[in-house]
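Peer 1: Sharing start.csv below, CSV, C-alpha atoms and all ligand atoms:
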chain,number,residue,atom,x,y,z
S,1,MET,CA,-5.4,-18.8,23.1
S,2,GLU,CA,-5.0,-19.4,26.8
S,3,ILE,CA,-3.0,-17.0,29.0
S,4,LYS,CA,-1.4,-18.6,31.9
S,5,THR,CA,-0.3,-16.5,34.9
S,6,SER,CA,0.4,-17.3,38.5
S,7,GLN,CA,-2.8,-15.5,39.4
S,8,LYS,CA,-5.0,-17.4,37.0
S,9,ASN,CA,-5.4,-18.7,33.5
S,10,TYR,CA,-7.9,-17.2,31.1
S,11,PRO,CA,-9.0,-17.6,27.5
S,12,VAL,CA,-8.5,-15.0,24.7
S,13,TYR,CA,-10.9,-15.6,21.8
S,14,LEU,CA,-9.6,-14.0,18.6
S,15,GLU,CA,-12.0,-14.6,15.8
S,16,ASP,CA,-15.1,-13.2,14.1
S,17,HIS,CA,-17.9,-13.1,16.6
S,18,PRO,CA,-15.9,-14.2,19.6
S,19,LEU,CA,-18.7,-13.4,22.1
S,20,LYS,CA,-20.3,-16.7,21.2
S,21,HIS,CA,-17.9,-18.1,23.7
S,22,PHE,CA,-19.2,-16.0,26.5
S,23,LYS,CA,-20.4,-17.9,29.5
S,24,LYS,CA,-22.7,-16.2,32.0
S,25,GLY,CA,-21.7,-18.5,34.8
S,26,SER,CA,-23.3,-17.5,38.1
S,27,MET,CA,-23.6,-13.8,37.2
S,28,ASP,CA,-27.0,-12.1,37.4
S,29,LYS,CA,-26.0,-8.7,36.1
S,30,ILE,CA,-23.2,-6.9,34.5
S,31,LEU,CA,-22.0,-3.3,34.3
S,32,LEU,CA,-21.2,-2.7,30.6
S,33,VAL,CA,-18.6,0.1,30.3
S,34,THR,CA,-17.8,2.0,27.1
S,35,ASP,CA,-16.9,5.5,25.9
S,36,GLU,CA,-19.1,7.8,23.8
S,37,ASN,CA,-17.3,7.0,20.5
S,38,VAL,CA,-17.5,3.3,20.8
S,39,GLY,CA,-20.9,3.3,22.5
S,40,LYS,CA,-22.5,5.2,19.7
S,41,ILE,CA,-21.7,2.4,17.3
S,42,TYR,CA,-21.6,-0.8,19.3
S,43,LEU,CA,-23.3,-0.4,22.7
S,44,ALA,CA,-26.9,-1.2,21.6
S,45,PRO,CA,-26.1,-4.5,19.9
S,46,ILE,CA,-23.7,-5.7,22.6
S,47,LYS,CA,-26.1,-4.8,25.4
S,48,ASP,CA,-28.8,-6.7,23.5
S,49,TYR,CA,-26.5,-9.7,23.2
S,50,PHE,CA,-25.9,-9.8,27.0
S,51,GLN,CA,-29.6,-9.4,27.7
S,52,THR,CA,-30.4,-12.4,25.5
S,53,GLN,CA,-27.9,-14.3,27.6
S,54,GLY,CA,-30.2,-13.7,30.6
S,55,LEU,CA,-28.2,-10.9,32.2
S,56,GLU,CA,-29.5,-7.7,33.6
S,57,VAL,CA,-27.3,-5.0,32.0
S,58,THR,CA,-26.5,-1.5,33.4
S,59,THR,CA,-24.5,0.7,31.0
S,60,PHE,CA,-21.8,3.2,32.0
S,61,VAL,CA,-20.6,5.5,29.3
S,62,ILE,CA,-17.5,7.7,29.8
S,63,HIS,CA,-16.1,10.6,27.8
S,64,PRO,CA,-13.4,9.4,25.4
S,65,GLY,CA,-9.8,10.0,26.4
S,66,GLU,CA,-7.2,9.8,29.2
S,67,ALA,CA,-8.9,12.3,31.5
S,68,SER,CA,-11.6,9.7,32.2
S,69,LYS,CA,-9.1,7.2,33.5
S,70,SER,CA,-9.2,8.8,36.9
S,71,LEU,CA,-10.0,8.1,40.6
S,72,ILE,CA,-13.1,10.3,40.1
S,73,GLY,CA,-14.1,8.2,37.2
S,74,ALA,CA,-13.6,5.1,39.2
S,75,GLU,CA,-15.6,6.5,42.1
S,76,LYS,CA,-18.5,7.3,39.9
S,77,MET,CA,-18.5,3.7,38.8
S,78,TYR,CA,-18.4,2.4,42.4
S,79,HIS,CA,-21.5,4.5,43.2
S,80,VAL,CA,-23.4,3.1,40.2
S,81,LEU,CA,-22.4,-0.5,41.2
S,82,LEU,CA,-23.6,0.2,44.8
S,83,GLY,CA,-26.8,1.9,43.6
S,84,GLU,CA,-27.6,-1.2,41.5
S,85,HIS,CA,-26.7,-3.6,44.3
S,86,PHE,CA,-23.9,-5.3,42.5
S,87,THR,CA,-22.4,-8.2,44.5
S,88,LYS,CA,-19.2,-10.2,44.1
S,89,SER,CA,-21.0,-12.6,41.9
S,90,ASP,CA,-21.9,-9.9,39.3
S,91,GLY,CA,-19.5,-8.7,36.6
S,92,ILE,CA,-18.0,-5.8,34.7
S,93,VAL,CA,-17.5,-5.8,31.0
S,94,ALA,CA,-15.3,-3.3,29.2
S,95,LEU,CA,-16.2,-2.5,25.6
S,96,GLY,CA,-13.6,0.0,24.2
S,97,GLY,CA,-10.0,1.0,23.9
S,98,GLY,CA,-7.3,0.9,26.6
S,99,VAL,CA,-8.8,3.7,28.5
S,100,VAL,CA,-12.1,1.9,29.0
S,101,GLY,CA,-10.2,-1.4,29.7
S,102,ASP,CA,-7.8,0.0,32.2
S,103,LEU,CA,-10.4,2.0,34.2
S,104,SER,CA,-13.0,-0.9,34.2
S,105,GLY,CA,-10.3,-3.4,35.2
S,106,PHE,CA,-9.2,-1.1,38.0
S,107,VAL,CA,-12.8,-0.8,39.3
S,108,ALA,CA,-13.4,-4.6,38.9
S,109,SER,CA,-10.3,-5.4,40.9
S,110,THR,CA,-11.2,-3.0,43.8
S,111,TYR,CA,-14.9,-3.0,44.1
S,112,LEU,CA,-15.7,-5.4,47.0
S,113,ARG,CA,-12.0,-6.5,46.5
S,114,GLY,CA,-12.7,-7.9,43.1
S,115,LEU,CA,-15.5,-9.1,40.8
S,116,PRO,CA,-15.4,-10.9,37.5
S,117,PHE,CA,-14.0,-8.8,34.7
S,118,TYR,CA,-14.5,-9.4,30.9
S,119,ASN,CA,-12.7,-7.4,28.2
S,120,ILE,CA,-13.9,-6.6,24.7
S,121,PRO,CA,-11.1,-4.5,23.3
S,122,THR,CA,-12.1,-2.4,20.2
S,123,SER,CA,-8.9,-0.5,19.4
S,124,LEU,CA,-5.9,-2.1,17.7
S,125,LEU,CA,-3.7,-1.1,20.6
S,126,ALA,CA,-6.1,-2.6,23.1
S,127,GLN,CA,-6.5,-5.8,21.0
S,128,VAL,CA,-2.7,-6.5,20.7
S,129,ASP,CA,-1.5,-5.0,24.0
S,130,ALA,CA,-3.6,-3.4,26.7
S,131,SER,CA,-6.2,-6.2,27.0
S,132,ILE,CA,-3.9,-8.9,28.1
S,133,GLY,CA,-1.4,-9.0,30.9
S,134,GLY,CA,-3.7,-7.9,33.7
S,135,LYS,CA,-2.4,-4.4,34.3
S,136,THR,CA,-5.1,-2.0,35.4
S,137,ALA,CA,-4.6,1.7,36.1
S,138,VAL,CA,-5.9,5.2,36.6
S,139,ASN,CA,-4.0,8.4,36.1
S,140,LEU,CA,-3.1,11.1,38.6
S,141,ALA,CA,-2.4,14.8,38.0
S,142,GLU,CA,1.3,13.9,38.3
S,143,GLY,CA,1.3,11.3,35.6
S,144,LYS,CA,-0.2,8.4,33.8
S,145,ASN,CA,-0.9,5.0,35.2
S,146,LEU,CA,0.4,5.9,38.7
S,147,VAL,CA,-2.2,4.0,40.6
S,148,GLY,CA,-3.2,0.5,39.5
S,149,THR,CA,-3.5,-3.2,40.2
S,150,PHE,CA,-2.6,-6.5,38.6
S,151,TYR,CA,-5.9,-8.2,37.9
S,152,GLN,CA,-6.6,-10.8,35.3
S,153,PRO,CA,-9.9,-10.9,33.3
S,154,GLU,CA,-12.1,-14.0,33.1
S,155,ALA,CA,-11.9,-13.8,29.4
S,156,VAL,CA,-11.0,-11.5,26.5
S,157,PHE,CA,-13.0,-11.3,23.3
S,158,ILE,CA,-11.2,-9.9,20.3
S,159,ASP,CA,-13.2,-9.1,17.2
S,160,PRO,CA,-11.1,-7.4,14.4
S,161,TYR,CA,-14.4,-6.3,12.9
S,162,TYR,CA,-14.4,-3.3,15.4
S,163,LEU,CA,-11.3,-1.9,13.8
S,164,GLU,CA,-13.3,-1.0,10.7
S,165,THR,CA,-14.4,2.1,12.5
S,166,LEU,CA,-11.1,3.0,14.2
S,167,PRO,CA,-9.6,6.3,13.0
S,168,GLU,CA,-6.4,6.1,11.0
S,169,LEU,CA,-4.1,7.7,13.6
S,170,ARG,CA,-5.4,5.1,16.1
S,171,MET,CA,-4.6,2.3,13.7
S,172,ALA,CA,-1.1,3.6,13.3
S,173,GLU,CA,-0.7,3.7,17.1
S,174,GLY,CA,-1.6,0.1,17.3
S,175,PHE,CA,0.9,-0.7,14.6
S,176,SER,CA,3.6,1.1,16.5
S,177,GLU,CA,3.3,-1.4,19.3
S,178,ILE,CA,3.0,-4.3,16.8
S,179,ILE,CA,6.3,-3.1,15.1
S,180,LYS,CA,7.8,-2.9,18.6
S,181,MET,CA,7.0,-6.5,19.3
S,182,ALA,CA,8.2,-7.7,15.9
S,183,ALA,CA,11.4,-5.7,16.2
S,184,GLY,CA,12.1,-7.0,19.7
S,185,PHE,CA,11.1,-10.6,19.4
S,186,ASP,CA,10.4,-12.0,15.9
S,187,ALA,CA,12.4,-11.2,12.8
S,188,ASP,CA,10.1,-13.2,10.5
S,189,PHE,CA,7.1,-11.3,11.7
S,190,PHE,CA,9.1,-8.0,11.1
S,191,ALA,CA,9.7,-9.2,7.5
S,192,GLN,CA,6.1,-10.0,7.1
S,193,LEU,CA,5.1,-6.5,8.2
S,194,ASN,CA,7.7,-5.1,5.8
S,195,HIS,CA,5.9,-6.8,2.9
S,196,PHE,CA,2.4,-5.9,4.2
S,197,LEU,CA,0.0,-4.2,1.8
S,198,LYS,CA,-2.8,-2.1,3.2
S,199,GLU,CA,-5.3,-3.7,0.8
S,200,ASN,CA,-4.6,-7.1,2.3
S,201,TRP,CA,-5.4,-5.9,5.9
S,202,GLU,CA,-8.7,-7.7,6.0
S,203,ASP,CA,-7.2,-11.0,5.0
S,204,GLU,CA,-4.2,-10.7,7.3
S,205,ARG,CA,-5.5,-8.9,10.3
S,206,LEU,CA,-6.4,-12.1,12.3
S,207,GLU,CA,-2.9,-13.4,11.7
S,208,ILE,CA,-1.1,-10.1,12.5
S,209,ILE,CA,-3.1,-9.6,15.7
S,210,GLU,CA,-2.5,-13.2,16.7
S,211,LYS,CA,1.3,-12.9,16.2
S,212,ALA,CA,1.5,-9.8,18.2
S,213,LEU,CA,-0.6,-11.3,21.0
S,214,THR,CA,1.6,-14.4,21.1
S,215,ILE,CA,4.7,-12.3,21.6
S,216,LYS,CA,3.0,-10.4,24.4
S,217,GLN,CA,1.8,-13.7,25.9
S,218,HIS,CA,5.3,-15.2,25.9
S,219,ALA,CA,6.7,-12.0,27.4
S,220,ILE,CA,4.2,-11.9,30.3
S,221,GLU,CA,3.9,-15.5,31.2
S,222,GLY,CA,6.1,-16.3,34.1
S,223,ASP,CA,6.6,-12.6,34.6
S,224,VAL,CA,3.3,-11.4,35.8
S,225,PHE,CA,4.8,-8.7,38.1
S,226,ASP,CA,6.8,-6.9,35.5
S,227,ASN,CA,10.5,-7.4,36.3
S,228,GLY,CA,12.3,-9.5,33.7
S,229,GLN,CA,11.2,-10.7,30.3
S,230,ARG,CA,8.3,-8.4,30.2
S,231,LEU,CA,10.6,-5.4,30.5
S,232,LYS,CA,11.6,-6.0,26.9
S,233,LEU,CA,8.2,-4.9,25.8
S,234,ASN,CA,9.3,-1.4,26.9
S,235,PHE,CA,11.5,-1.1,23.8
S,236,GLY,CA,11.1,2.5,22.7
S,237,HIS,CA,9.1,3.4,25.8
S,238,THR,CA,11.8,5.0,28.0
S,239,LEU,CA,12.4,8.0,25.7
S,240,GLY,CA,8.9,7.7,24.2
S,241,HIS,CA,7.2,8.2,27.5
S,242,ALA,CA,9.4,11.2,28.4
S,243,LEU,CA,8.7,12.7,25.0
S,244,GLU,CA,5.0,12.1,25.3
S,245,LYS,CA,4.9,13.8,28.6
S,246,ASN,CA,7.2,16.7,27.8
S,247,SER,CA,5.3,17.5,24.6
S,248,GLU,CA,2.2,17.7,26.8
S,249,PHE,CA,0.7,14.8,24.8
S,250,THR,CA,0.9,16.5,21.3
S,251,TYR,CA,2.6,13.3,20.4
S,252,SER,CA,0.3,10.4,20.8
S,253,HIS,CA,1.6,7.4,22.7
S,254,GLY,CA,2.2,5.4,19.5
S,255,GLU,CA,4.0,8.2,17.8
S,256,ALA,CA,6.2,8.8,20.8
S,257,VAL,CA,7.1,5.1,21.0
S,258,ALA,CA,8.0,5.1,17.3
S,259,LEU,CA,10.3,8.1,17.9
S,260,GLY,CA,11.7,6.5,21.0
S,261,MET,CA,12.5,3.3,19.1
S,262,VAL,CA,14.4,5.2,16.4
S,263,ALA,CA,16.3,7.4,18.8
S,264,ILE,CA,17.5,4.7,21.1
S,265,THR,CA,18.4,2.4,18.2
S,266,LYS,CA,20.4,5.1,16.5
S,267,GLU,CA,22.4,5.6,19.6
S,268,SER,CA,22.9,1.9,20.4
S,269,GLU,CA,23.9,1.3,16.8
S,270,ARG,CA,26.4,4.2,17.0
S,271,ARG,CA,27.9,2.6,20.1
S,272,GLY,CA,28.3,-0.8,18.4
S,273,LEU,CA,25.7,-2.4,20.6
S,274,THR,CA,23.3,-2.9,17.7
S,275,LYS,CA,23.9,-4.5,14.3
S,276,ALA,CA,24.7,-1.9,11.6
S,277,GLY,CA,21.7,-1.0,9.5
S,278,THR,CA,19.0,-1.8,12.1
S,279,THR,CA,18.0,1.8,12.6
S,280,GLN,CA,17.4,2.2,8.9
S,281,GLN,CA,15.2,-1.0,8.9
S,282,LEU,CA,13.2,0.5,11.7
S,283,ILE,CA,12.8,3.9,10.0
S,284,ALA,CA,11.6,2.2,6.8
S,285,ILE,CA,8.9,0.1,8.5
S,286,LEU,CA,7.6,2.9,10.7
S,287,GLU,CA,7.3,5.2,7.7
S,288,LYS,CA,5.4,2.6,5.9
S,289,PHE,CA,2.8,2.6,8.7
S,290,ASN,CA,2.7,6.4,8.7
S,291,LEU,CA,4.5,6.8,11.9
S,292,PRO,CA,7.0,9.7,12.6
S,293,THR,CA,10.7,8.9,12.7
S,294,THR,CA,12.4,12.3,13.1
S,295,TRP,CA,13.1,13.2,16.7
S,296,PRO,CA,11.7,16.7,17.3
S,297,GLU,CA,13.6,19.7,18.5
S,298,VAL,CA,13.2,19.2,22.2
S,299,ASP,CA,15.5,20.0,25.1
S,300,MET,CA,17.2,16.7,25.9
S,301,GLU,CA,17.9,17.9,29.4
S,302,GLU,CA,14.2,18.2,30.1
S,303,ILE,CA,13.7,14.7,28.7
S,304,MET,CA,16.4,13.5,31.1
S,305,ASP,CA,14.7,15.3,34.0
S,306,THR,CA,11.4,13.6,33.2
S,307,LEU,CA,13.2,10.2,32.9
S,308,ARG,CA,14.7,10.7,36.3
S,309,PHE,CA,11.2,10.5,37.7
S,310,ASP,CA,10.1,7.7,35.4
S,311,LYS,CA,8.8,4.8,37.6
S,312,LYS,CA,10.7,2.4,35.4
S,313,GLY,CA,14.1,3.7,36.5
S,314,ARG,CA,15.0,1.4,39.4
S,315,GLY,CA,17.2,3.5,41.7
S,316,ASP,CA,20.0,5.1,39.7
S,317,THR,CA,19.9,2.5,37.0
S,318,ILE,CA,17.8,2.6,33.9
S,319,GLN,CA,16.8,-0.8,32.4
S,320,LEU,CA,17.2,0.3,28.9
S,321,VAL,CA,15.8,-2.0,26.2
S,322,ILE,CA,17.9,-2.1,23.0
S,323,LEU,CA,17.9,-4.2,19.9
S,324,LYS,CA,20.9,-6.5,19.3
S,325,GLU,CA,19.4,-6.8,15.8
S,326,ILE,CA,15.9,-7.0,14.4
S,327,GLY,CA,14.1,-9.7,16.3
S,328,ILE,CA,16.3,-9.7,19.4
S,329,ALA,CA,15.7,-7.2,22.2
S,330,GLU,CA,18.1,-7.0,25.2
S,331,ILE,CA,18.0,-5.4,28.5
S,332,PHE,CA,20.9,-3.1,28.9
S,333,PRO,CA,21.2,-1.7,32.4
S,334,VAL,CA,22.9,1.7,32.4
S,335,SER,CA,23.4,4.2,35.1
S,336,PHE,CA,21.4,7.3,34.7
S,337,ASP,CA,24.5,9.5,34.4
S,338,ALA,CA,26.0,7.3,31.7
S,339,PHE,CA,22.7,7.3,29.8
S,340,SER,CA,22.3,11.1,29.9
S,341,MET,CA,25.7,11.3,28.1
S,342,TRP,CA,24.3,9.3,25.2
S,343,PHE,CA,22.4,12.3,23.9
S,401,LIG,N1,-3.1,-2.3,30.6
S,401,LIG,C1,-2.0,-2.3,29.8
S,401,LIG,O1,-1.2,-3.3,29.8
S,401,LIG,C2,-1.9,-1.2,28.8
S,401,LIG,C3,-1.0,-1.4,27.8
S,401,LIG,C4,-0.9,-0.4,26.8
S,401,LIG,C5,-1.7,0.8,26.9
S,401,LIG,N2,-2.5,0.9,28.0
S,401,LIG,C6,-3.4,2.1,28.1
S,401,LIG,O2,-4.3,2.1,27.1
S,401,LIG,C7,-4.7,3.4,26.8
S,401,LIG,C8,-4.6,3.6,25.3
S,401,LIG,O3,-5.4,2.8,24.7
S,401,LIG,P1,-6.2,3.2,23.3
S,401,LIG,O4,-5.2,3.6,22.3
S,401,LIG,O5,-7.1,2.1,23.0
S,401,LIG,O6,-6.9,4.5,23.8
S,401,LIG,P2,-8.5,4.8,23.9
S,401,LIG,O7,-9.2,3.9,24.8
S,401,LIG,O8,-8.5,6.3,24.3
S,401,LIG,O9,-9.0,4.7,22.4
S,401,LIG,C9,-8.5,5.5,21.4
S,401,LIG,C10,-9.7,6.2,20.7
S,401,LIG,O10,-10.3,5.4,19.8
S,401,LIG,C11,-11.7,5.3,20.0
S,401,LIG,N3,-12.1,4.0,19.6
S,401,LIG,C12,-11.7,2.8,20.2
S,401,LIG,N4,-12.2,1.8,19.6
S,401,LIG,C13,-12.9,2.3,18.5
S,401,LIG,C14,-13.6,1.7,17.4
S,401,LIG,N5,-13.7,0.4,17.2
S,401,LIG,N6,-14.2,2.5,16.5
S,401,LIG,C15,-14.1,3.9,16.7
S,401,LIG,N7,-13.4,4.5,17.6
S,401,LIG,C16,-12.8,3.7,18.5
S,401,LIG,C17,-11.9,5.7,21.4
S,401,LIG,O11,-13.1,6.2,21.7
S,401,LIG,C18,-10.8,6.7,21.6
S,401,LIG,O12,-11.2,8.0,21.2
S,401,LIG,C19,-3.8,4.3,27.6
S,401,LIG,O13,-4.5,4.8,28.7
S,401,LIG,C20,-2.7,3.4,28.1
S,401,LIG,O14,-2.1,3.7,29.3
S,401,LIG,C21,-2.7,-0.1,28.9
S,402,ZN,ZN,3.1,1.4,24.6
As a first step, turn the structure in this file into structure tokens.

Peer 2:
Amino acid sequence: MEIKTSQKNYPVYLEDHPLKHFKKGSMDKILLVTDENVGKIYLAPIKDYFQTQGLEVTTFVIHPGEASKSLIGAEKMYHVLLGEHFTKSDGIVALGGGVVGDLSGFVASTYLRGLPFYNIPTSLLAQVDASIGGKTAVNLAEGKNLVGTFYQPEAVFIDPYYLETLPELRMAEGFSEIIKMAAGFDADFFAQLNHFLKENWEDERLEIIEKALTIKQHAIEGDVFDNGQRLKLNFGHTLGHALEKNSEFTYSHGEAVALGMVAITKESERRGLTKAGTTQQLIAILEKFNLPTTWPEVDMEEIMDTLRFDKKGRGDTIQLVILKEIGIAEIFPVSFDAFSMWF
């Protein structure tokens, strides 16, 4: 698959052993970034692979988790790059989930104003979502992803084999985003997921990942800077983000998005904006993938306060994403005051 953006085009290899397509080009060395969980299992063989390609490999292993996606984390990486005399013709390779990918991409885009970046996503969420689209980010104390760049990789290598070691909750989180994409863009894919049986995962995983990626690809192409079509990928994310933040991250991102999709659809359906029965279809599929569907007892006023500061609110208007029906997402601009009356 080839991703076309106004910044550049790049290949996404989705298959068993996709790294066979890696081309060293003019690079002499790479910084191979991973986290402790992924590194423990995959760092040694991947490092070996790049060395056999004639590259000098420096490794950089972060603690797993959001806290590592920080300016301090980025700065540590800059010092290593400088210490090892990395120049613009060397590269950075991310091997891990979205945390490793976002942080490495951010460093790759800013060190010496940009060096080649390669991504090997190892979580389902990173494989279907975070690894394409070119968004990089670090977190600040005030919130997630507040500092970042748009920077496209040279290539993305997706091997579903890595998912065999991914914990179940993390698998469910990836499915939350996949269900979001199907619900918003592709009714046939939604139906396929409805019939999906866990024991068939190994046979179907390439196809499922490819369908999700294709939806993301279409949504981002022609909208690299996140203002039109791509917004529809935020289905479930407006309320989801606020819940995630207000619960102090007791809900994982995927769980919060699942709850956000249900909550917004329930309300839009009640208002006649969404085809009757859609909420029930969503609930059924989310339950099937072990995702929560019952909005917790939280103070909606606090949720609204958090939303007010959400960077996605442009001025006083929220670009709400609702479903017209399964497979058709719509942007529904609503004033903040009107929206807060919904709940
Ligand atoms: N750039 C984007 O467009 C974009 C899109 C969505 C999400 N994100 C970002 O991605 C991050 C979330 O990504 P994530 O869910 O991959 O989180 P993550 O990177 O924290 O990975 C989740 C956990 O799974 C472990 N893990 C990953 N792959 C594994 C494997 N193959 N085997 C065993 N363990 C494995 C990790 O060590 C970690 O503990 C967030 O920071 C989010 O902001 C970015
Ligand atoms: Zn998300």

Peer 1: In Å, with one decimal, what is the gap from atom CA of S:Leu124 to atom CA of S:Val12?

Peer 2: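 Taking atom CA of S:Leu124 as the start and atom CA of S:Val12 as the end point, the length is 14.9 Å.
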
Peer 1: If the box runs along x, y and z of the file and leaves 3 Å on each side of stretch 176-180 of chain S, what are its centre and edge lengths in Å, one decimal, as JSON?

Peer 2:
{"center_x": 5.4, "center_y": -1.6, "center_z": 17.2, "size_x": 10.8, "size_y": 11.4, "size_z": 10.2}

Peer 1: Place a sphere of radius 12 Å on (-5.4, -6.6, 10.2) in the file coordinates and name every protein, DNA or RNA residue with an atom inside or on its surface, counting all atoms listed in the file; give the answer as a PyMOL selection string.

Peer 2: chain S and resi 14-15+123-125+127-128+159-164+166+171-172+174-175+178+193+196-212

Peer 1: Atoms to include: C-alpha atoms. Write the selected residues as a PDB file, keeping the file's coordinate frame.

Peer 2:
ATOM      1  CA  LEU S  14      -9.600 -14.000  18.600  1.00  0.00           C
ATOM      2  CA  GLU S  15     -12.000 -14.600  15.800  1.00  0.00           C
ATOM      3  CA  SER S 123      -8.900  -0.500  19.400  1.00  0.00           C
ATOM      4  CA  LEU S 124      -5.900  -2.100  17.700  1.00  0.00           C
ATOM      5  CA  LEU S 125      -3.700  -1.100  20.600  1.00  0.00           C
ATOM      6  CA  GLN S 127      -6.500  -5.800  21.000  1.00  0.00           C
ATOM      7  CA  VAL S 128      -2.700  -6.500  20.700  1.00  0.00           C
ATOM      8  CA  ASP S 159     -13.200  -9.100  17.200  1.00  0.00           C
ATOM      9  CA  PRO S 160     -11.100  -7.400  14.400  1.00  0.00           C
ATOM     10  CA  TYR S 161     -14.400  -6.300  12.900  1.00  0.00           C
ATOM     11  CA  TYR S 162     -14.400  -3.300  15.400  1.00  0.00           C
ATOM     12  CA  LEU S 163     -11.300  -1.900  13.800  1.00  0.00           C
ATOM     13  CA  GLU S 164     -13.300  -1.000  10.700  1.00  0.00           C
ATOM     14  CA  LEU S 166     -11.100   3.000  14.200  1.00  0.00           C
ATOM     15  CA  MET S 171      -4.600   2.300  13.700  1.00  0.00           C
ATOM     16  CA  ALA S 172      -1.100   3.600  13.300  1.00  0.00           C
ATOM     17  CA  GLY S 174      -1.600   0.100  17.300  1.00  0.00           C
ATOM     18  CA  PHE S 175       0.900  -0.700  14.600  1.00  0.00           C
ATOM     19  CA  ILE S 178       3.000  -4.300  16.800  1.00  0.00           C
ATOM     20  CA  LEU S 193       5.100  -6.500   8.200  1.00  0.00           C
ATOM     21  CA  PHE S 196       2.400  -5.900   4.200  1.00  0.00           C
ATOM     22  CA  LEU S 197       0.000  -4.200   1.800  1.00  0.00           C
ATOM     23  CA  LYS S 198      -2.800  -2.100   3.200  1.00  0.00           C
ATOM     24  CA  GLU S 199      -5.300  -3.700   0.800  1.00  0.00           C
ATOM     25  CA  ASN S 200      -4.600  -7.100   2.300  1.00  0.00           C
ATOM     26  CA  TRP S 201      -5.400  -5.900   5.900  1.00  0.00           C
ATOM     27  CA  GLU S 202      -8.700  -7.700   6.000  1.00  0.00           C
ATOM     28  CA  ASP S 203      -7.200 -11.000   5.000  1.00  0.00           C
ATOM     29  CA  GLU S 204      -4.200 -10.700   7.300  1.00  0.00           C
ATOM     30  CA  ARG S 205      -5.500  -8.900  10.300  1.00  0.00           C
ATOM     31  CA  LEU S 206      -6.400 -12.100  12.300  1.00  0.00           C
ATOM     32  CA  GLU S 207      -2.900 -13.400  11.700  1.00  0.00           C
ATOM     33  CA  ILE S 208      -1.100 -10.100  12.500  1.00  0.00           C
ATOM     34  CA  ILE S 209      -3.100  -9.600  15.700  1.00  0.00           C
ATOM     35  CA  GLU S 210      -2.500 -13.200  16.700  1.00  0.00           C
ATOM     36  CA  LYS S 211       1.300 -12.900  16.200  1.00  0.00           C
ATOM     37  CA  ALA S 212       1.500  -9.800  18.200  1.00  0.00           C
TER      38      ALA S 212
END

Peer 1: What gap, in Å, lies between atom CA of S:Ala191 and atom CA of S:Leu273?

Peer 2: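 Atom CA of S:Ala191 sits 21.8 Å away from atom CA of S:Leu273.
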
Peer 1: Do you know which residues are within 7 Å of ligand LIG 401 (chain S) using all atoms listed in the file? Can you write them as a PyMOL selection string?

Peer 2: chain S and resi 35-38+64-66+96-100+102+122-126+129-137+144-145+162-167+170+173

Peer 1: Neighbouring residues of S:Ala67 were defined as those with any atom within 10 Å, considering all atoms listed in the file; residues of the same chain fewer than 6 positions away were excluded. Please report them as a PDB file with C-alpha atoms, in the frame of the given file.

Peer 2:
ATOM      1  CA  GLY S  73     -14.100   8.200  37.200  1.00  0.00           C
ATOM      2  CA  VAL S  99      -8.800   3.700  28.500  1.00  0.00           C
ATOM      3  CA  VAL S 138      -5.900   5.200  36.600  1.00  0.00           C
ATOM      4  CA  ASN S 139      -4.000   8.400  36.100  1.00  0.00           C
ATOM      5  CA  LEU S 140      -3.100  11.100  38.600  1.00  0.00           C
ATOM      6  CA  ALA S 141      -2.400  14.800  38.000  1.00  0.00           C
ATOM      7  CA  LYS S 144      -0.200   8.400  33.800  1.00  0.00           C
TER       8      LYS S 144
END

Peer 1: Env of S:Glu302: 9 Å cut, atoms = all atoms listed in the file, seq-sep filter 4 positions within chain, self excluded. Answer as a list in words.

Peer 2: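 So the residues in contact are Ala242, Asn246, Val298, Thr306 and Leu307 of chain S.
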
Peer 1: Please return as a short mmCIF file (atom, residue, chain, number, x, y, z; two decimals) with C-alpha atoms, keeping the file's coordinate frame the residues found within 9 Å of ligand ZN 402 (chain S), counting all atoms listed in the file.

Peer 2:
data_model
loop_
_atom_site.label_atom_id
_atom_site.label_comp_id
_atom_site.auth_asym_id
_atom_site.auth_seq_id
_atom_site.Cartn_x
_atom_site.Cartn_y
_atom_site.Cartn_z
CA LEU S 125 -3.70 -1.10 20.60
CA ASP S 129 -1.50 -5.00 24.00
CA ALA S 130 -3.60 -3.40 26.70
CA GLU S 173 -0.70 3.70 17.10
CA GLY S 174 -1.60 0.10 17.30
CA SER S 176 3.60 1.10 16.50
CA GLU S 177 3.30 -1.40 19.30
CA LYS S 180 7.80 -2.90 18.60
CA LEU S 233 8.20 -4.90 25.80
CA ASN S 234 9.30 -1.40 26.90
CA PHE S 235 11.50 -1.10 23.80
CA GLY S 236 11.10 2.50 22.70
CA HIS S 237 9.10 3.40 25.80
CA GLY S 240 8.90 7.70 24.20
CA HIS S 241 7.20 8.20 27.50
CA HIS S 253 1.60 7.40 22.70
CA GLY S 254 2.20 5.40 19.50
CA ALA S 256 6.20 8.80 20.80
CA VAL S 257 7.10 5.10 21.00
#

Peer 1: Which polymer residues have any atom within 10 Å of an atom of S:Phe50, counting all atoms listed in the file, with same-chain residues fewer than 3 positions away left out, as a short mmCIF file (atom, residue, chain, number, x, y, z; two decimals) with C-alpha atoms, in the frame of the given file?

Peer 2:
data_model
loop_
_atom_site.label_atom_id
_atom_site.label_comp_id
_atom_site.auth_asym_id
_atom_site.auth_seq_id
_atom_site.Cartn_x
_atom_site.Cartn_y
_atom_site.Cartn_z
CA LEU S 19 -18.70 -13.40 22.10
CA PHE S 22 -19.20 -16.00 26.50
CA LYS S 24 -22.70 -16.20 32.00
CA LYS S 29 -26.00 -8.70 36.10
CA ILE S 30 -23.20 -6.90 34.50
CA LEU S 32 -21.20 -2.70 30.60
CA PRO S 45 -26.10 -4.50 19.90
CA ILE S 46 -23.70 -5.70 22.60
CA LYS S 47 -26.10 -4.80 25.40
CA GLN S 53 -27.90 -14.30 27.60
CA GLY S 54 -30.20 -13.70 30.60
CA LEU S 55 -28.20 -10.90 32.20
CA GLU S 56 -29.50 -7.70 33.60
CA VAL S 57 -27.30 -5.00 32.00
#
